[in-house]
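Presented below is the structure to which this report refers.
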Amino acid sequence: LNYGVWDHIFLEHGWHYTRATPKNEFVFVHINFTSWRNHFDSSLGWRLGRKPEASDAFGSHALLLWADMCEPYNLSKRAAKICDGQYTNETGWDLKKELEEHLPRLPEPDGRLTTVLTARVVGNGNTTPYGPEPGMPSAVGQTFWAKECPVAGCPTPAPLPINSDCENSRLWSDAAGWPNGKVPGAWENVV
């Protein structure tokens, strides 16, 4: 998302041109997504556990899952609380596991990512020139990355059980593994 640069407020066609007093502004952006996400990482701002507000830092964001898409699932109370249409900063691996284990298999819930793009101005235009509030980014843009794994990482799957046929596995080129102690040659029958 590219919102702009500070020059749009302070240079030609901005404050110097219109003589309108620069003021704080904010824009809420809602991005709908399909299929479950654990969280979104971003280039700026904080992941919030609530809906973003105008007073939040530029780029702060949260996500929600559509409650009506969660209703067909028989979710535990803990998972249902995450899938209730309220904003959160992470949906959690437990919910994902319950969604995947549900039979019959249903579409995963879609959701919405909401971010706030804030531009705060300081100064009075006389003794102190107008400018961006300290700490505001110089380029007013935001990038998001959808993440399926929690911040701590995805769980490691359990090792596969050893098949009894695998216990006798060997390298084809190992002569000691062949009944006659010899590696088969080209076009020989191998049993």
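Going through the structure tokens in order, the chains are called A, B, and so on, while each chain numbers its residues from 1 and the ligands are numbered from 1 in the order shown.
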Note to self: Set the distance at 7 Å and use only C-alpha atoms: which residues neighbour segment 149-160 of chain A once local chain neighbours fewer than 6 positions away are removed? I'd like the list as a list in words.
What the structure shows: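 Contacts, with the query itself left out: Asn38, Gly92 and Trp93 of chain A.
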What would the file look like if the residues just selected were written as a CSV table (one decimal), in the first residue's frame with all heavy atoms?
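Saved the output as again-v1.csv:
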```csv
chain,number,residue,atom,x,y,z
A,38,ASN,N,-2.6,-17.4,9.8
A,38,ASN,CA,-2.2,-17.3,11.2
A,38,ASN,C,-2.1,-15.9,11.6
A,38,ASN,O,-2.6,-15.4,12.6
A,38,ASN,CB,-0.9,-18.1,11.5
A,38,ASN,CG,-0.6,-18.0,13.0
A,38,ASN,OD1,0.0,-17.0,13.4
A,38,ASN,ND2,-1.0,-19.0,13.7
A,92,GLY,N,-3.8,-18.7,15.6
A,92,GLY,CA,-3.3,-19.8,16.3
A,92,GLY,C,-3.3,-21.1,15.6
A,92,GLY,O,-4.2,-21.4,14.8
A,93,TRP,N,-2.4,-22.0,16.0
A,93,TRP,CA,-2.2,-23.3,15.3
A,93,TRP,C,-3.3,-24.2,15.8
A,93,TRP,O,-3.7,-25.1,15.1
A,93,TRP,CB,-0.8,-23.8,15.7
A,93,TRP,CG,-0.4,-24.9,14.6
A,93,TRP,CD1,-0.4,-26.2,14.8
A,93,TRP,CD2,-0.1,-24.7,13.3
A,93,TRP,NE1,0.0,-26.8,13.7
A,93,TRP,CE2,0.2,-25.9,12.7
A,93,TRP,CE3,0.0,-23.5,12.5
A,93,TRP,CZ2,0.5,-26.1,11.4
A,93,TRP,CZ3,0.4,-23.7,11.2
A,93,TRP,CH2,0.6,-24.9,10.6
```
Notebook entry, point to check: Which of segment 41-93 of chain A counts as alpha helix (DSSP H) under DSSP, as number ranges by chain please?
Noted result: A: 67-70, 77-82, 93
Neighbouring residues of Lys96 of chain A were defined as those with any atom within 12 Å, considering only C-alpha atoms; residues of the same chain fewer than 2 positions away were excluded. Please report them as a PDB file with N, CA, C and O atoms, in the first residue's frame.
```
ATOM      1  N   SER A  35      -9.146 -18.022   2.689  1.00  0.00           N
ATOM      2  CA  SER A  35      -8.492 -19.120   3.378  1.00  0.00           C
ATOM      3  C   SER A  35      -7.753 -18.630   4.629  1.00  0.00           C
ATOM      4  O   SER A  35      -7.215 -17.524   4.670  1.00  0.00           O
ATOM      5  N   TRP A  36      -7.725 -19.448   5.605  1.00  0.00           N
ATOM      6  CA  TRP A  36      -7.171 -19.159   6.930  1.00  0.00           C
ATOM      7  C   TRP A  36      -5.744 -18.624   6.851  1.00  0.00           C
ATOM      8  O   TRP A  36      -4.939 -19.069   6.038  1.00  0.00           O
ATOM      9  N   ARG A  37      -5.433 -17.678   7.708  1.00  0.00           N
ATOM     10  CA  ARG A  37      -4.065 -17.174   7.907  1.00  0.00           C
ATOM     11  C   ARG A  37      -3.809 -17.133   9.401  1.00  0.00           C
ATOM     12  O   ARG A  37      -4.698 -16.817  10.186  1.00  0.00           O
ATOM     13  N   ASN A  38      -2.571 -17.413   9.805  1.00  0.00           N
ATOM     14  CA  ASN A  38      -2.234 -17.314  11.219  1.00  0.00           C
ATOM     15  C   ASN A  38      -2.074 -15.854  11.616  1.00  0.00           C
ATOM     16  O   ASN A  38      -2.600 -15.412  12.628  1.00  0.00           O
ATOM     17  N   HIS A  39      -1.324 -15.109  10.813  1.00  0.00           N
ATOM     18  CA  HIS A  39      -1.119 -13.683  11.072  1.00  0.00           C
ATOM     19  C   HIS A  39      -0.513 -13.044   9.832  1.00  0.00           C
ATOM     20  O   HIS A  39      -0.226 -13.724   8.852  1.00  0.00           O
ATOM     21  N   LEU A  65     -11.452 -13.414  11.349  1.00  0.00           N
ATOM     22  CA  LEU A  65     -12.025 -14.451  10.493  1.00  0.00           C
ATOM     23  C   LEU A  65     -13.531 -14.265  10.505  1.00  0.00           C
ATOM     24  O   LEU A  65     -14.111 -13.941  11.552  1.00  0.00           O
ATOM     25  N   CYS A  70     -17.203 -19.893  10.154  1.00  0.00           N
ATOM     26  CA  CYS A  70     -16.754 -20.783  11.215  1.00  0.00           C
ATOM     27  C   CYS A  70     -17.910 -21.584  11.807  1.00  0.00           C
ATOM     28  O   CYS A  70     -17.699 -22.622  12.433  1.00  0.00           O
ATOM     29  N   TYR A  73     -18.404 -25.489  11.564  1.00  0.00           N
ATOM     30  CA  TYR A  73     -17.432 -26.328  12.264  1.00  0.00           C
ATOM     31  C   TYR A  73     -17.889 -26.577  13.698  1.00  0.00           C
ATOM     32  O   TYR A  73     -18.526 -25.737  14.313  1.00  0.00           O
ATOM     33  N   LEU A  75     -16.275 -26.420  16.690  1.00  0.00           N
ATOM     34  CA  LEU A  75     -15.016 -25.960  17.282  1.00  0.00           C
ATOM     35  C   LEU A  75     -15.068 -25.994  18.801  1.00  0.00           C
ATOM     36  O   LEU A  75     -16.124 -25.806  19.402  1.00  0.00           O
ATOM     37  N   SER A  76     -13.908 -26.177  19.406  1.00  0.00           N
ATOM     38  CA  SER A  76     -13.794 -26.061  20.860  1.00  0.00           C
ATOM     39  C   SER A  76     -14.069 -24.611  21.243  1.00  0.00           C
ATOM     40  O   SER A  76     -14.021 -23.711  20.400  1.00  0.00           O
ATOM     41  N   ARG A  78     -12.243 -22.567  22.869  1.00  0.00           N
ATOM     42  CA  ARG A  78     -11.037 -21.763  22.648  1.00  0.00           C
ATOM     43  C   ARG A  78     -10.912 -21.366  21.171  1.00  0.00           C
ATOM     44  O   ARG A  78     -10.656 -20.218  20.843  1.00  0.00           O
ATOM     45  N   ALA A  79     -11.116 -22.341  20.286  1.00  0.00           N
ATOM     46  CA  ALA A  79     -11.013 -22.056  18.849  1.00  0.00           C
ATOM     47  C   ALA A  79     -12.164 -21.173  18.383  1.00  0.00           C
ATOM     48  O   ALA A  79     -11.971 -20.274  17.569  1.00  0.00           O
ATOM     49  N   ALA A  80     -13.371 -21.412  18.907  1.00  0.00           N
ATOM     50  CA  ALA A  80     -14.534 -20.611  18.518  1.00  0.00           C
ATOM     51  C   ALA A  80     -14.356 -19.155  18.913  1.00  0.00           C
ATOM     52  O   ALA A  80     -14.837 -18.252  18.223  1.00  0.00           O
ATOM     53  N   ILE A  82     -11.599 -17.448  18.813  1.00  0.00           N
ATOM     54  CA  ILE A  82     -10.742 -16.822  17.791  1.00  0.00           C
ATOM     55  C   ILE A  82     -11.530 -16.623  16.497  1.00  0.00           C
ATOM     56  O   ILE A  82     -11.311 -15.678  15.758  1.00  0.00           O
ATOM     57  N   CYS A  83     -12.452 -17.524  16.237  1.00  0.00           N
ATOM     58  CA  CYS A  83     -13.185 -17.538  14.963  1.00  0.00           C
ATOM     59  C   CYS A  83     -14.569 -16.900  15.128  1.00  0.00           C
ATOM     60  O   CYS A  83     -15.537 -17.355  14.539  1.00  0.00           O
ATOM     61  N   GLU A  90      -3.299 -12.924  16.007  1.00  0.00           N
ATOM     62  CA  GLU A  90      -2.868 -14.240  15.550  1.00  0.00           C
ATOM     63  C   GLU A  90      -4.017 -15.216  15.777  1.00  0.00           C
ATOM     64  O   GLU A  90      -4.649 -15.198  16.823  1.00  0.00           O
ATOM     65  N   THR A  91      -4.291 -16.056  14.785  1.00  0.00           N
ATOM     66  CA  THR A  91      -5.406 -16.988  14.930  1.00  0.00           C
ATOM     67  C   THR A  91      -5.005 -18.270  15.646  1.00  0.00           C
ATOM     68  O   THR A  91      -5.840 -18.910  16.256  1.00  0.00           O
ATOM     69  N   GLY A  92      -3.761 -18.664  15.575  1.00  0.00           N
ATOM     70  CA  GLY A  92      -3.274 -19.804  16.338  1.00  0.00           C
ATOM     71  C   GLY A  92      -3.305 -21.130  15.614  1.00  0.00           C
ATOM     72  O   GLY A  92      -4.163 -21.388  14.772  1.00  0.00           O
ATOM     73  N   TRP A  93      -2.356 -21.971  15.969  1.00  0.00           N
ATOM     74  CA  TRP A  93      -2.213 -23.275  15.344  1.00  0.00           C
ATOM     75  C   TRP A  93      -3.309 -24.237  15.790  1.00  0.00           C
ATOM     76  O   TRP A  93      -3.704 -25.132  15.060  1.00  0.00           O
ATOM     77  N   ASP A  94      -3.812 -24.077  17.024  1.00  0.00           N
ATOM     78  CA  ASP A  94      -4.874 -24.965  17.512  1.00  0.00           C
ATOM     79  C   ASP A  94      -6.123 -24.852  16.644  1.00  0.00           C
ATOM     80  O   ASP A  94      -6.749 -25.857  16.318  1.00  0.00           O
ATOM     81  N   GLU A  98      -7.940 -27.813  14.249  1.00  0.00           N
ATOM     82  CA  GLU A  98      -9.360 -28.181  14.307  1.00  0.00           C
ATOM     83  C   GLU A  98     -10.032 -28.033  12.942  1.00  0.00           C
ATOM     84  O   GLU A  98     -10.865 -28.855  12.567  1.00  0.00           O
ATOM     85  N   LEU A  99      -9.679 -27.003  12.195  1.00  0.00           N
ATOM     86  CA  LEU A  99     -10.249 -26.814  10.866  1.00  0.00           C
ATOM     87  C   LEU A  99      -9.859 -27.970   9.944  1.00  0.00           C
ATOM     88  O   LEU A  99     -10.677 -28.465   9.173  1.00  0.00           O
ATOM     89  N   GLU A 100      -8.615 -28.401  10.027  1.00  0.00           N
ATOM     90  CA  GLU A 100      -8.128 -29.468   9.149  1.00  0.00           C
ATOM     91  C   GLU A 100      -8.683 -30.838   9.522  1.00  0.00           C
ATOM     92  O   GLU A 100      -8.802 -31.709   8.672  1.00  0.00           O
ATOM     93  N   GLU A 101      -8.997 -31.044  10.805  1.00  0.00           N
ATOM     94  CA  GLU A 101      -9.479 -32.348  11.255  1.00  0.00           C
ATOM     95  C   GLU A 101     -10.984 -32.525  11.056  1.00  0.00           C
ATOM     96  O   GLU A 101     -11.501 -33.620  11.207  1.00  0.00           O
ATOM     97  N   HIS A 102     -11.689 -31.460  10.719  1.00  0.00           N
ATOM     98  CA  HIS A 102     -13.143 -31.528  10.579  1.00  0.00           C
ATOM     99  C   HIS A 102     -13.531 -32.364   9.362  1.00  0.00           C
ATOM    100  O   HIS A 102     -12.980 -32.210   8.285  1.00  0.00           O
ATOM    101  N   PRO A 107     -14.584 -25.548   3.422  1.00  0.00           N
ATOM    102  CA  PRO A 107     -13.656 -24.464   3.069  1.00  0.00           C
ATOM    103  C   PRO A 107     -13.164 -23.767   4.340  1.00  0.00           C
ATOM    104  O   PRO A 107     -13.926 -23.579   5.283  1.00  0.00           O
ATOM    105  N   GLU A 108     -11.879 -23.425   4.363  1.00  0.00           N
ATOM    106  CA  GLU A 108     -11.350 -22.710   5.519  1.00  0.00           C
ATOM    107  C   GLU A 108     -11.946 -21.310   5.560  1.00  0.00           C
ATOM    108  O   GLU A 108     -12.233 -20.718   4.517  1.00  0.00           O
ATOM    109  N   PRO A 109     -12.121 -20.763   6.760  1.00  0.00           N
ATOM    110  CA  PRO A 109     -12.731 -19.433   6.872  1.00  0.00           C
ATOM    111  C   PRO A 109     -11.879 -18.342   6.214  1.00  0.00           C
ATOM    112  O   PRO A 109     -10.664 -18.343   6.348  1.00  0.00           O
ATOM    113  N   GLU A 148       1.318 -18.455   7.512  1.00  0.00           N
ATOM    114  CA  GLU A 148       0.529 -19.577   7.995  1.00  0.00           C
ATOM    115  C   GLU A 148       1.103 -20.155   9.276  1.00  0.00           C
ATOM    116  O   GLU A 148       0.394 -20.784  10.038  1.00  0.00           O
ATOM    117  N   CYS A 149       2.383 -19.977   9.522  1.00  0.00           N
ATOM    118  CA  CYS A 149       2.997 -20.501  10.741  1.00  0.00           C
ATOM    119  C   CYS A 149       3.006 -19.426  11.825  1.00  0.00           C
ATOM    120  O   CYS A 149       3.173 -18.246  11.534  1.00  0.00           O
ATOM    121  N   PRO A 150       2.850 -19.823  13.088  1.00  0.00           N
ATOM    122  CA  PRO A 150       2.978 -18.866  14.183  1.00  0.00           C
ATOM    123  C   PRO A 150       4.379 -18.255  14.194  1.00  0.00           C
ATOM    124  O   PRO A 150       5.299 -18.784  13.559  1.00  0.00           O
ATOM    125  N   CYS A 154       6.300 -23.325  12.679  1.00  0.00           N
ATOM    126  CA  CYS A 154       5.329 -24.415  12.524  1.00  0.00           C
ATOM    127  C   CYS A 154       5.772 -25.621  13.334  1.00  0.00           C
ATOM    128  O   CYS A 154       6.964 -25.855  13.505  1.00  0.00           O
ATOM    129  N   PRO A 155       4.798 -26.394  13.812  1.00  0.00           N
ATOM    130  CA  PRO A 155       5.188 -27.603  14.530  1.00  0.00           C
ATOM    131  C   PRO A 155       5.888 -28.587  13.588  1.00  0.00           C
ATOM    132  O   PRO A 155       5.566 -28.653  12.405  1.00  0.00           O
TER     133      PRO A 155
END
```
Taking only C-alpha atoms into account, produce a table as CSV in which each residue of segment 78-114 of chain A with an atom at most 12 Å from an atom of segment 135-146 of chain A appears once, together with its shortest atom pair and the distance in Å to one decimal, ordered by chain and rising number.
```
residue,atom,partner,partner_atom,distance
A:Glu90,CA,A:Ala146,CA,11.2
A:Gly111,CA,A:Ala146,CA,11.9
A:Arg112,CA,A:Ala146,CA,11.6
A:Leu113,CA,A:Phe144,CA,9.6
A:Thr114,CA,A:Phe144,CA,11.0
```
I need the chosen residues saved as an mmCIF file, in the first residue's frame, with C-alpha atoms.
```cif
data_model
loop_
_atom_site.group_PDB
_atom_site.id
_atom_site.type_symbol
_atom_site.label_atom_id
_atom_site.label_comp_id
_atom_site.auth_asym_id
_atom_site.auth_seq_id
_atom_site.Cartn_x
_atom_site.Cartn_y
_atom_site.Cartn_z
ATOM 1 C CA GLU A 90 -2.868 -14.240 15.550
ATOM 2 C CA GLY A 111 -11.178 -13.048 6.798
ATOM 3 C CA ARG A 112 -10.153 -9.416 6.750
ATOM 4 C CA LEU A 113 -6.911 -7.614 7.476
ATOM 5 C CA THR A 114 -7.451 -4.044 8.677
#
```
DSSP on the backbone, strand (DSSP E) only: what residues of segment 22-144 of chain A does that give? Format it as an mmCIF file with N, CA, C and O atoms, in the first residue's frame.
```cif
data_model
loop_
_atom_site.group_PDB
_atom_site.id
_atom_site.type_symbol
_atom_site.label_atom_id
_atom_site.label_comp_id
_atom_site.auth_asym_id
_atom_site.auth_seq_id
_atom_site.Cartn_x
_atom_site.Cartn_y
_atom_site.Cartn_z
ATOM 1 N N GLU A 25 -4.246 13.198 9.791
ATOM 2 C CA GLU A 25 -5.210 12.453 9.005
ATOM 3 C C GLU A 25 -4.945 10.968 9.172
ATOM 4 O O GLU A 25 -3.864 10.549 9.573
ATOM 5 N N PHE A 26 -5.954 10.190 8.875
ATOM 6 C CA PHE A 26 -5.811 8.738 8.951
ATOM 7 C C PHE A 26 -6.762 8.100 7.956
ATOM 8 O O PHE A 26 -7.790 8.671 7.606
ATOM 9 N N VAL A 27 -6.368 6.927 7.498
ATOM 10 C CA VAL A 27 -7.173 6.150 6.560
ATOM 11 C C VAL A 27 -7.179 4.709 7.053
ATOM 12 O O VAL A 27 -6.120 4.157 7.375
ATOM 13 N N PHE A 28 -8.362 4.113 7.134
ATOM 14 C CA PHE A 28 -8.458 2.694 7.442
ATOM 15 C C PHE A 28 -8.551 1.933 6.128
ATOM 16 O O PHE A 28 -9.303 2.321 5.233
ATOM 17 N N VAL A 29 -7.774 0.879 6.005
ATOM 18 C CA VAL A 29 -7.788 0.049 4.802
ATOM 19 C C VAL A 29 -8.173 -1.364 5.219
ATOM 20 O O VAL A 29 -7.576 -1.933 6.139
ATOM 21 N N HIS A 30 -9.176 -1.921 4.548
ATOM 22 C CA HIS A 30 -9.635 -3.283 4.809
ATOM 23 C C HIS A 30 -9.268 -4.146 3.605
ATOM 24 O O HIS A 30 -9.633 -3.818 2.471
ATOM 25 N N ILE A 31 -8.551 -5.217 3.855
ATOM 26 C CA ILE A 31 -8.136 -6.132 2.796
ATOM 27 C C ILE A 31 -8.730 -7.500 3.107
ATOM 28 O O ILE A 31 -8.381 -8.120 4.111
ATOM 29 N N ASN A 32 -9.672 -7.944 2.270
ATOM 30 C CA ASN A 32 -10.258 -9.268 2.467
ATOM 31 C C ASN A 32 -9.299 -10.327 1.946
ATOM 32 O O ASN A 32 -8.648 -10.132 0.924
ATOM 33 N N PHE A 33 -9.213 -11.448 2.668
ATOM 34 C CA PHE A 33 -8.366 -12.549 2.213
ATOM 35 C C PHE A 33 -9.162 -13.844 2.225
ATOM 36 O O PHE A 33 -10.143 -13.976 2.948
ATOM 37 N N HIS A 39 -1.324 -15.109 10.813
ATOM 38 C CA HIS A 39 -1.119 -13.683 11.072
ATOM 39 C C HIS A 39 -0.513 -13.044 9.832
ATOM 40 O O HIS A 39 -0.226 -13.724 8.852
ATOM 41 N N PHE A 40 -0.337 -11.748 9.894
ATOM 42 C CA PHE A 40 0.340 -11.007 8.832
ATOM 43 C C PHE A 40 1.520 -10.274 9.445
ATOM 44 O O PHE A 40 1.385 -9.641 10.494
ATOM 45 N N ASP A 41 2.676 -10.374 8.805
ATOM 46 C CA ASP A 41 3.813 -9.536 9.165
ATOM 47 C C ASP A 41 3.741 -8.298 8.285
ATOM 48 O O ASP A 41 3.114 -8.311 7.223
ATOM 49 N N SER A 42 4.401 -7.227 8.734
ATOM 50 C CA SER A 42 4.328 -5.983 7.968
ATOM 51 C C SER A 42 5.641 -5.225 8.029
ATOM 52 O O SER A 42 6.486 -5.485 8.880
ATOM 53 N N HIS A 61 -2.004 -3.041 12.581
ATOM 54 C CA HIS A 61 -2.995 -3.866 11.899
ATOM 55 C C HIS A 61 -3.443 -5.039 12.762
ATOM 56 O O HIS A 61 -2.795 -5.400 13.734
ATOM 57 N N ALA A 62 -4.571 -5.608 12.377
ATOM 58 C CA ALA A 62 -5.122 -6.800 13.019
ATOM 59 C C ALA A 62 -5.948 -7.545 11.978
ATOM 60 O O ALA A 62 -6.288 -6.994 10.931
ATOM 61 N N LEU A 63 -6.278 -8.802 12.277
ATOM 62 C CA LEU A 63 -7.084 -9.576 11.355
ATOM 63 C C LEU A 63 -8.262 -10.192 12.081
ATOM 64 O O LEU A 63 -8.275 -10.292 13.303
ATOM 65 N N LEU A 64 -9.251 -10.576 11.308
ATOM 66 C CA LEU A 64 -10.392 -11.306 11.852
ATOM 67 C C LEU A 64 -10.788 -12.371 10.851
ATOM 68 O O LEU A 64 -10.468 -12.291 9.669
ATOM 69 N N LEU A 65 -11.452 -13.414 11.349
ATOM 70 C CA LEU A 65 -12.025 -14.451 10.493
ATOM 71 C C LEU A 65 -13.531 -14.265 10.505
ATOM 72 O O LEU A 65 -14.111 -13.941 11.552
ATOM 73 N N GLY A 111 -11.238 -14.096 5.788
ATOM 74 C CA GLY A 111 -11.178 -13.048 6.798
ATOM 75 C C GLY A 111 -10.840 -11.695 6.222
ATOM 76 O O GLY A 111 -10.905 -11.473 5.006
ATOM 77 N N ARG A 112 -10.471 -10.794 7.126
ATOM 78 C CA ARG A 112 -10.153 -9.416 6.750
ATOM 79 C C ARG A 112 -8.939 -8.954 7.555
ATOM 80 O O ARG A 112 -8.859 -9.170 8.757
ATOM 81 N N LEU A 113 -8.035 -8.304 6.852
ATOM 82 C CA LEU A 113 -6.911 -7.614 7.476
ATOM 83 C C LEU A 113 -7.260 -6.129 7.456
ATOM 84 O O LEU A 113 -7.642 -5.604 6.407
ATOM 85 N N THR A 114 -7.169 -5.481 8.602
ATOM 86 C CA THR A 114 -7.451 -4.044 8.677
ATOM 87 C C THR A 114 -6.205 -3.330 9.182
ATOM 88 O O THR A 114 -5.587 -3.759 10.152
ATOM 89 N N THR A 115 -5.840 -2.258 8.506
ATOM 90 C CA THR A 115 -4.693 -1.458 8.918
ATOM 91 C C THR A 115 -5.110 0.012 8.960
ATOM 92 O O THR A 115 -6.081 0.414 8.320
ATOM 93 N N VAL A 116 -4.377 0.793 9.729
ATOM 94 C CA VAL A 116 -4.616 2.237 9.784
ATOM 95 C C VAL A 116 -3.343 2.936 9.300
ATOM 96 O O VAL A 116 -2.236 2.609 9.728
ATOM 97 N N LEU A 117 -3.522 3.858 8.371
ATOM 98 C CA LEU A 117 -2.418 4.670 7.861
ATOM 99 C C LEU A 117 -2.605 6.067 8.433
ATOM 100 O O LEU A 117 -3.552 6.757 8.080
ATOM 101 N N THR A 118 -1.734 6.435 9.347
ATOM 102 C CA THR A 118 -1.871 7.712 10.050
ATOM 103 C C THR A 118 -0.776 8.676 9.623
ATOM 104 O O THR A 118 0.353 8.281 9.380
ATOM 105 N N ALA A 119 -1.128 9.939 9.525
ATOM 106 C CA ALA A 119 -0.165 11.007 9.256
ATOM 107 C C ALA A 119 -0.406 12.089 10.308
ATOM 108 O O ALA A 119 -1.447 12.743 10.292
ATOM 109 N N VAL A 121 0.838 15.598 12.208
ATOM 110 C CA VAL A 121 1.576 16.823 11.918
ATOM 111 C C VAL A 121 1.911 17.546 13.221
ATOM 112 O O VAL A 121 1.090 17.582 14.140
ATOM 113 N N VAL A 122 3.114 18.090 13.304
ATOM 114 C CA VAL A 122 3.499 18.943 14.431
ATOM 115 C C VAL A 122 3.926 20.298 13.881
ATOM 116 O O VAL A 122 4.211 20.445 12.707
ATOM 117 N N GLY A 131 5.605 19.917 10.094
ATOM 118 C CA GLY A 131 6.367 18.735 9.697
ATOM 119 C C GLY A 131 5.740 17.486 10.263
ATOM 120 O O GLY A 131 4.819 17.549 11.078
ATOM 121 N N PRO A 132 6.240 16.350 9.839
ATOM 122 C CA PRO A 132 5.705 15.100 10.370
ATOM 123 C C PRO A 132 6.101 14.914 11.832
ATOM 124 O O PRO A 132 7.169 15.354 12.250
ATOM 125 N N ALA A 139 8.706 7.615 4.008
ATOM 126 C CA ALA A 139 7.870 7.157 2.903
ATOM 127 C C ALA A 139 6.638 6.520 3.540
ATOM 128 O O ALA A 139 6.748 5.618 4.349
ATOM 129 N N VAL A 140 5.487 7.016 3.205
ATOM 130 C CA VAL A 140 4.267 6.583 3.867
ATOM 131 C C VAL A 140 3.646 5.446 3.053
ATOM 132 O O VAL A 140 2.732 5.634 2.273
ATOM 133 N N GLY A 141 4.200 4.247 3.233
ATOM 134 C CA GLY A 141 3.721 3.053 2.540
ATOM 135 C C GLY A 141 3.794 1.854 3.473
ATOM 136 O O GLY A 141 4.423 1.904 4.518
ATOM 137 N N PHE A 144 2.581 -6.037 3.436
ATOM 138 C CA PHE A 144 2.145 -7.137 4.298
ATOM 139 C C PHE A 144 2.578 -8.467 3.709
ATOM 140 O O PHE A 144 2.646 -8.627 2.489
#
```
Notebook entry, point to check: Just how far from atom CA of Tyr87 of chain A is atom CA of Glu53 of chain A, in Å to one decimal?
Noted result: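 One can read the atom CA of Glu53 of chain A to atom CA of Tyr87 of chain A distance as 12.0 Å.
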